[in-house]
Amino acid sequence: MHNAIVRRGPAVRFAAFVLVAGVVLGSTRALSGAQEATGPARTANVVHGCVDRFDPSVDYFPDKVSVEDAANFTVSYHRSYKVVDVRTSVGGPRDRFVLVQCGAPTPALQGELAGAQVVPVPVASLYSASTTHLALLVDLQRLDVLTGVSSKRFLIGDAILKRVSSAQVLEFAPSSVIDSELVVSQHPGLLMTGGSTSAELSVIQHAGIPVVPNHEWLESTALARSEWLKFTTLFLNEEGQGQRLYREMKERYRALSAKATAVPDSQRPSVMTGRGTHGDFVIAGGRSYVAALIRDAGGRYVWADNTATGSQTVDLEAQLKRAGGADIWINGGGWENRDAMVKDEPRYGLFKAYRTGQIWVYERNVNAVGANDYWSRAVSHPDLVLADLVKIFHPALASEHEFQWYLQVPAR
């Protein structure tokens, strides 16, 4: 799964442009921090290197993000540092991080900042424990910072595979156990986890390496999950890029959803999810991001009144009673064909969606060892997930769209 300790990496590069009469020439995105800090005002964040001459009156983060949909992280800006809070569980406490512009002094860690981890930014070397982080780096065109992944074996995507083939990218948990000695010896600027905790992570943190959890999987909508793109940009000072990418994606999502939800209720298919195991059936909760996607794609989720925000297990008989007549079945998986499905569980044949062949799984892009692109790229591209679902539920509304992840389970 994407939130397991199994995937990521960093590298360092510096760029410099010329200042003439205090005017920035060329792309402000690639200016060195030392040069950008010389003027009284800034036009863009420092995305590489440090500032030479610190000026307490300067706002070093003119590019900022505003959090619109995500509920589990917040950020506030304070000229030369940012305060980032990350919720550790739904409705639970928060971890606090102080992201200090490299070259600026660290603020006093007292009062509300007491106990916060300090992270110099922009980070030039990143170790990552989740495939979803890597897809975000691809979107931001910042795979250059990736220097550590938990396991190369489970990675997918041409750009990611090209980057991790470099000697600059190391594996720090190839057998699912973090090699803390390796991480400490390499001293990356940041280790981003999927939210797990362990003794090894404590060792790394106590060695002075920031350990930051990415909890996008706690969010209850696909848009909120994808907004953790902005969370990643906070550590790279790439807020301008992140704000733009998210805005454009959200506009595409909303435009397509508006078409799908305009379909009369009588023409919306009923939808079931999941698969059975030993007499039980694992479904998506009625308050989960999957349920929200079904609704936004113009479907009627059979468990919409369920209150779970994640997966939930129900008795297979209860699933039959609730979903036996569902028009479409999504998000099962691991089935070569429908014949194999009933060999695994004969009662699958009692579902209408099985009999009509309307069974769809997100396994179009899976490599030889089972790495699934859905658990990498889909999190940051809910507009494309939505388009896949709209094409399944209402084909005429997405006739030009090419499936990214979903495919229909063949008969045999």
# chains A, B, ... in the order shown; residues from 1 in each chain; ligands from 1
>>> residues_around(residues="Gly92 of chain A", least_positions_apart="4", cutoff="12 Å", atoms="only C-alpha atoms", output="mmCIF file with C-alpha atoms, in the first residue's frame")
data_model
loop_
_atom_site.group_PDB
_atom_site.id
_atom_site.type_symbol
_atom_site.label_atom_id
_atom_site.label_comp_id
_atom_site.auth_asym_id
_atom_site.auth_seq_id
_atom_site.Cartn_x
_atom_site.Cartn_y
_atom_site.Cartn_z
ATOM 1 C CA ALA A 71 -8.000 18.732 6.806
ATOM 2 C CA ASN A 72 -4.832 17.222 8.245
ATOM 3 C CA PHE A 73 -2.099 19.797 7.664
ATOM 4 C CA ASP A 85 1.254 21.251 11.675
ATOM 5 C CA VAL A 86 0.460 17.669 10.688
ATOM 6 C CA ARG A 87 -2.398 15.759 12.273
ATOM 7 C CA THR A 88 -1.274 12.279 13.309
ATOM 8 C CA LEU A 218 -6.204 10.104 6.230
#
>>> residues_around(residues="segment 370-383 of chain A", least_positions_apart="2", cutoff="6 Å", atoms="only C-alpha atoms", output="ChimeraX atom specification")
/A:2,131-132,135,154,222,226,253,365-368,385-386
>>> write_last_selection(atoms="N, CA and C atoms", output="JSON list (two decimals), in the first residue's frame")
[["chain", "number", "residue", "atom", "x", "y", "z"],
["A", 2, "HIS", "N", 0.32, 2.36, -0.43],
["A", 2, "HIS", "CA", 1.11, 3.56, -0.56],
["A", 2, "HIS", "C", 1.58, 4.12, 0.75],
["A", 131, "THR", "N", 5.40, 5.54, -2.39],
["A", 131, "THR", "CA", 5.37, 5.79, -3.83],
["A", 131, "THR", "C", 4.59, 7.05, -4.16],
["A", 132, "THR", "N", 3.62, 7.42, -3.34],
["A", 132, "THR", "CA", 2.85, 8.63, -3.63],
["A", 132, "THR", "C", 3.71, 9.88, -3.59],
["A", 135, "ALA", "N", 5.49, 10.34, -7.09],
["A", 135, "ALA", "CA", 4.65, 10.89, -8.15],
["A", 135, "ALA", "C", 4.53, 12.40, -8.00],
["A", 154, "PHE", "N", 9.59, -2.04, -5.86],
["A", 154, "PHE", "CA", 8.17, -1.78, -6.00],
["A", 154, "PHE", "C", 7.84, -0.45, -6.67],
["A", 222, "ALA", "N", -10.88, 12.67, -2.47],
["A", 222, "ALA", "CA", -9.75, 12.55, -3.38],
["A", 222, "ALA", "C", -9.05, 13.90, -3.57],
["A", 226, "SER", "N", -5.09, 14.75, -2.71],
["A", 226, "SER", "CA", -4.17, 15.27, -3.72],
["A", 226, "SER", "C", -3.56, 16.60, -3.31],
["A", 253, "TYR", "N", -11.27, 18.64, -12.40],
["A", 253, "TYR", "CA", -12.10, 17.73, -11.61],
["A", 253, "TYR", "C", -13.52, 18.26, -11.48],
["A", 365, "ASN", "N", -2.04, -0.74, -15.05],
["A", 365, "ASN", "CA", -0.60, -0.52, -15.04],
["A", 365, "ASN", "C", 0.03, -1.15, -13.80],
["A", 366, "VAL", "N", 0.33, -2.43, -13.90],
["A", 366, "VAL", "CA", 0.95, -3.20, -12.82],
["A", 366, "VAL", "C", 2.18, -3.89, -13.38],
["A", 367, "ASN", "N", 3.33, -3.78, -12.66],
["A", 367, "ASN", "CA", 4.54, -4.39, -13.19],
["A", 367, "ASN", "C", 4.67, -5.85, -12.76],
["A", 368, "ALA", "N", 5.77, -6.48, -13.12],
["A", 368, "ALA", "CA", 5.95, -7.93, -12.91],
["A", 368, "ALA", "C", 5.95, -8.32, -11.45],
["A", 385, "VAL", "N", -8.62, 9.91, -12.18],
["A", 385, "VAL", "CA", -9.40, 8.82, -11.57],
["A", 385, "VAL", "C", -10.88, 9.06, -11.83],
["A", 386, "LEU", "N", -11.30, 10.30, -11.62],
["A", 386, "LEU", "CA", -12.70, 10.65, -11.86],
["A", 386, "LEU", "C", -13.07, 10.40, -13.32]]
>>> residues_around(residues="segment 144-147 of chain A", least_positions_apart="3", cutoff="10 Å", atoms="only C-alpha atoms", output="PyMOL selection string")
chain A and resi 8-13+122-128+133-134+137-138+141+160+163-164+166-171+186+188-189+236
>>> residues_around(residues="Ile178 of chain A", least_positions_apart="5", cutoff="8 Å", atoms="only C-alpha atoms", output="mmCIF file with N, CA and C atoms, in the first residue's frame")
data_model
loop_
_atom_site.group_PDB
_atom_site.id
_atom_site.type_symbol
_atom_site.label_atom_id
_atom_site.label_comp_id
_atom_site.auth_asym_id
_atom_site.auth_seq_id
_atom_site.Cartn_x
_atom_site.Cartn_y
_atom_site.Cartn_z
ATOM 1 N N SER A 150 12.711 3.407 0.032
ATOM 2 C CA SER A 150 12.751 2.232 0.893
ATOM 3 C C SER A 150 13.040 0.968 0.106
ATOM 4 N N PHE A 172 16.850 2.239 1.533
ATOM 5 C CA PHE A 172 17.088 2.252 2.976
ATOM 6 C C PHE A 172 16.207 1.262 3.740
ATOM 7 N N ALA A 173 15.302 0.561 3.027
ATOM 8 C CA ALA A 173 14.489 -0.466 3.697
ATOM 9 C C ALA A 173 14.080 -1.541 2.701
ATOM 10 N N GLU A 200 13.521 2.570 14.611
ATOM 11 C CA GLU A 200 14.521 3.037 13.642
ATOM 12 C C GLU A 200 14.307 4.503 13.299
ATOM 13 N N LEU A 201 13.045 4.908 13.149
ATOM 14 C CA LEU A 201 12.759 6.306 12.840
ATOM 15 C C LEU A 201 13.145 7.212 14.007
#
>>> residues_around(residues="Gly274 of chain A", least_positions_apart="6", cutoff="6 Å", atoms="only C-alpha atoms", output="VMD selection string")
chain A and resid 282 to 283 331 to 332
>>> residues_around(residues="Glu317 of chain A", least_positions_apart="6", cutoff="12 Å", atoms="only C-alpha atoms", output="VMD selection string")
chain A and resid 276 278 to 281 323 to 324 347 to 348 350 to 351
>>> write_last_selection(atoms="C-alpha atoms", output="tab-separated table (two decimals), in the first residue's frame")
chain	number	residue	atom	x	y	z
A	276	GLY	CA	-14.80	-11.06	-0.32
A	278	HIS	CA	-13.37	-16.06	3.94
A	279	GLY	CA	-17.03	-15.15	4.16
A	280	ASP	CA	-16.45	-11.44	4.78
A	281	PHE	CA	-16.46	-8.57	2.31
A	323	ALA	CA	-25.27	-4.84	-3.32
A	324	GLY	CA	-26.66	-7.96	-5.00
A	347	ARG	CA	-21.12	-16.58	-4.27
A	348	TYR	CA	-19.64	-13.87	-6.49
A	350	LEU	CA	-24.95	-14.14	-7.23
A	351	PHE	CA	-24.11	-10.47	-7.86
>>> select_by_dssp(residues="segment 79-228 of chain A", states="strand (DSSP E or B)", output="PyMOL selection string")
chain A and resi 81-87+94-101+117-121+126-128+146-149+170-171+190-193+211-213
>>> write_last_selection(atoms="C-alpha atoms", output="PDB file, in the first residue's frame")
ATOM      1  CA  TYR A  81      10.289  30.453   8.491  1.00  0.00           C
ATOM      2  CA  LYS A  82       7.058  28.466   8.163  1.00  0.00           C
ATOM      3  CA  VAL A  83       5.170  26.607  10.869  1.00  0.00           C
ATOM      4  CA  VAL A  84       3.628  23.368   9.610  1.00  0.00           C
ATOM      5  CA  ASP A  85       1.254  21.251  11.675  1.00  0.00           C
ATOM      6  CA  VAL A  86       0.460  17.669  10.688  1.00  0.00           C
ATOM      7  CA  ARG A  87      -2.398  15.759  12.273  1.00  0.00           C
ATOM      8  CA  ARG A  94      -0.637  17.367  15.622  1.00  0.00           C
ATOM      9  CA  ASP A  95       3.112  17.238  15.087  1.00  0.00           C
ATOM     10  CA  ARG A  96       4.711  20.648  14.560  1.00  0.00           C
ATOM     11  CA  PHE A  97       7.603  21.499  12.245  1.00  0.00           C
ATOM     12  CA  VAL A  98       9.469  24.785  11.795  1.00  0.00           C
ATOM     13  CA  LEU A  99      10.748  25.119   8.240  1.00  0.00           C
ATOM     14  CA  VAL A 100      13.559  27.695   8.278  1.00  0.00           C
ATOM     15  CA  GLN A 101      14.934  29.299   5.146  1.00  0.00           C
ATOM     16  CA  GLN A 117      11.331  19.736  14.696  1.00  0.00           C
ATOM     17  CA  VAL A 118      13.404  22.182  12.642  1.00  0.00           C
ATOM     18  CA  VAL A 119      13.777  21.585   8.904  1.00  0.00           C
ATOM     19  CA  PRO A 120      16.127  23.804   6.859  1.00  0.00           C
ATOM     20  CA  VAL A 121      14.533  24.572   3.484  1.00  0.00           C
ATOM     21  CA  LEU A 126      14.968  13.632   0.350  1.00  0.00           C
ATOM     22  CA  TYR A 127      14.456  10.057   1.510  1.00  0.00           C
ATOM     23  CA  SER A 128      10.922   8.856   0.844  1.00  0.00           C
ATOM     24  CA  LEU A 146      15.283  12.173  -4.434  1.00  0.00           C
ATOM     25  CA  THR A 147      18.249  10.294  -2.936  1.00  0.00           C
ATOM     26  CA  GLY A 148      16.647   7.483  -0.944  1.00  0.00           C
ATOM     27  CA  VAL A 149      13.770   5.045  -1.402  1.00  0.00           C
ATOM     28  CA  LEU A 170      19.953   4.400  -2.216  1.00  0.00           C
ATOM     29  CA  GLU A 171      17.559   1.819  -0.759  1.00  0.00           C
ATOM     30  CA  LEU A 190      14.503  15.027   5.200  1.00  0.00           C
ATOM     31  CA  LEU A 191      12.974  11.571   5.609  1.00  0.00           C
ATOM     32  CA  MET A 192       9.297  11.640   4.637  1.00  0.00           C
ATOM     33  CA  THR A 193       7.318   8.686   5.941  1.00  0.00           C
ATOM     34  CA  VAL A 211      11.382  12.773  10.053  1.00  0.00           C
ATOM     35  CA  VAL A 212       8.114  14.103   8.630  1.00  0.00           C
ATOM     36  CA  PRO A 213       4.891  12.083   8.253  1.00  0.00           C
TER      37      PRO A 213
END
>>> atom_distance(atom1="atom CA of Gln205 of chain A", atom2="atom CA of Ala129 of chain A")
14.8 Å
>>> select_by_dssp(residues="segment 272-397 of chain A", states="helix (DSSP H, G or I)", output="PyMOL selection string")
chain A and resi 289-296+316-323+338-344+346-350+352-356+374-380+382-393+395-397
>>> residues_around(residues="Thr307 of chain A", least_positions_apart="2", cutoff="8 Å", atoms="only C-alpha atoms", output="ChimeraX atom specification")
/A:285-287,305,309
>>> write_last_selection(atoms="C-alpha atoms", output="compact mmCIF listing (two decimals), in the first residue's frame")
# COMPACT_ATOMS: atom_id res chain seq x y z
CA GLY A 285 -16.81 3.21 3.84
CA GLY A 286 -19.67 5.53 3.01
CA ARG A 287 -17.63 8.57 4.14
CA ASP A 305 -25.29 5.72 4.37
CA THR A 309 -14.16 6.97 6.51
>>> atom_distance(atom1="atom CA of Leu316 of chain A", atom2="atom CA of Glu345 of chain A")
10.3 Å
>>> closest_residue(among="A:Ala398, A:Ala116, A:Leu140, A:Leu293", to="Gln243 of chain A", atoms="only C-alpha atoms")
A:Leu140
>>> atom_distance(atom1="atom CA of Glu181 of chain A", atom2="atom CA of Gly208 of chain A")
12.9 Å
>>> closest_residue(among="A:Gly325, A:Pro210, A:Val65, A:Ala284", to="Asn306 of chain A", atoms="only C-alpha atoms")
A:Ala284
>>> closest_residue(among="A:Ser176, A:Leu136, A:Arg412, A:Ile294", to="Arg153 of chain A", atoms="only C-alpha atoms")
A:Ser176
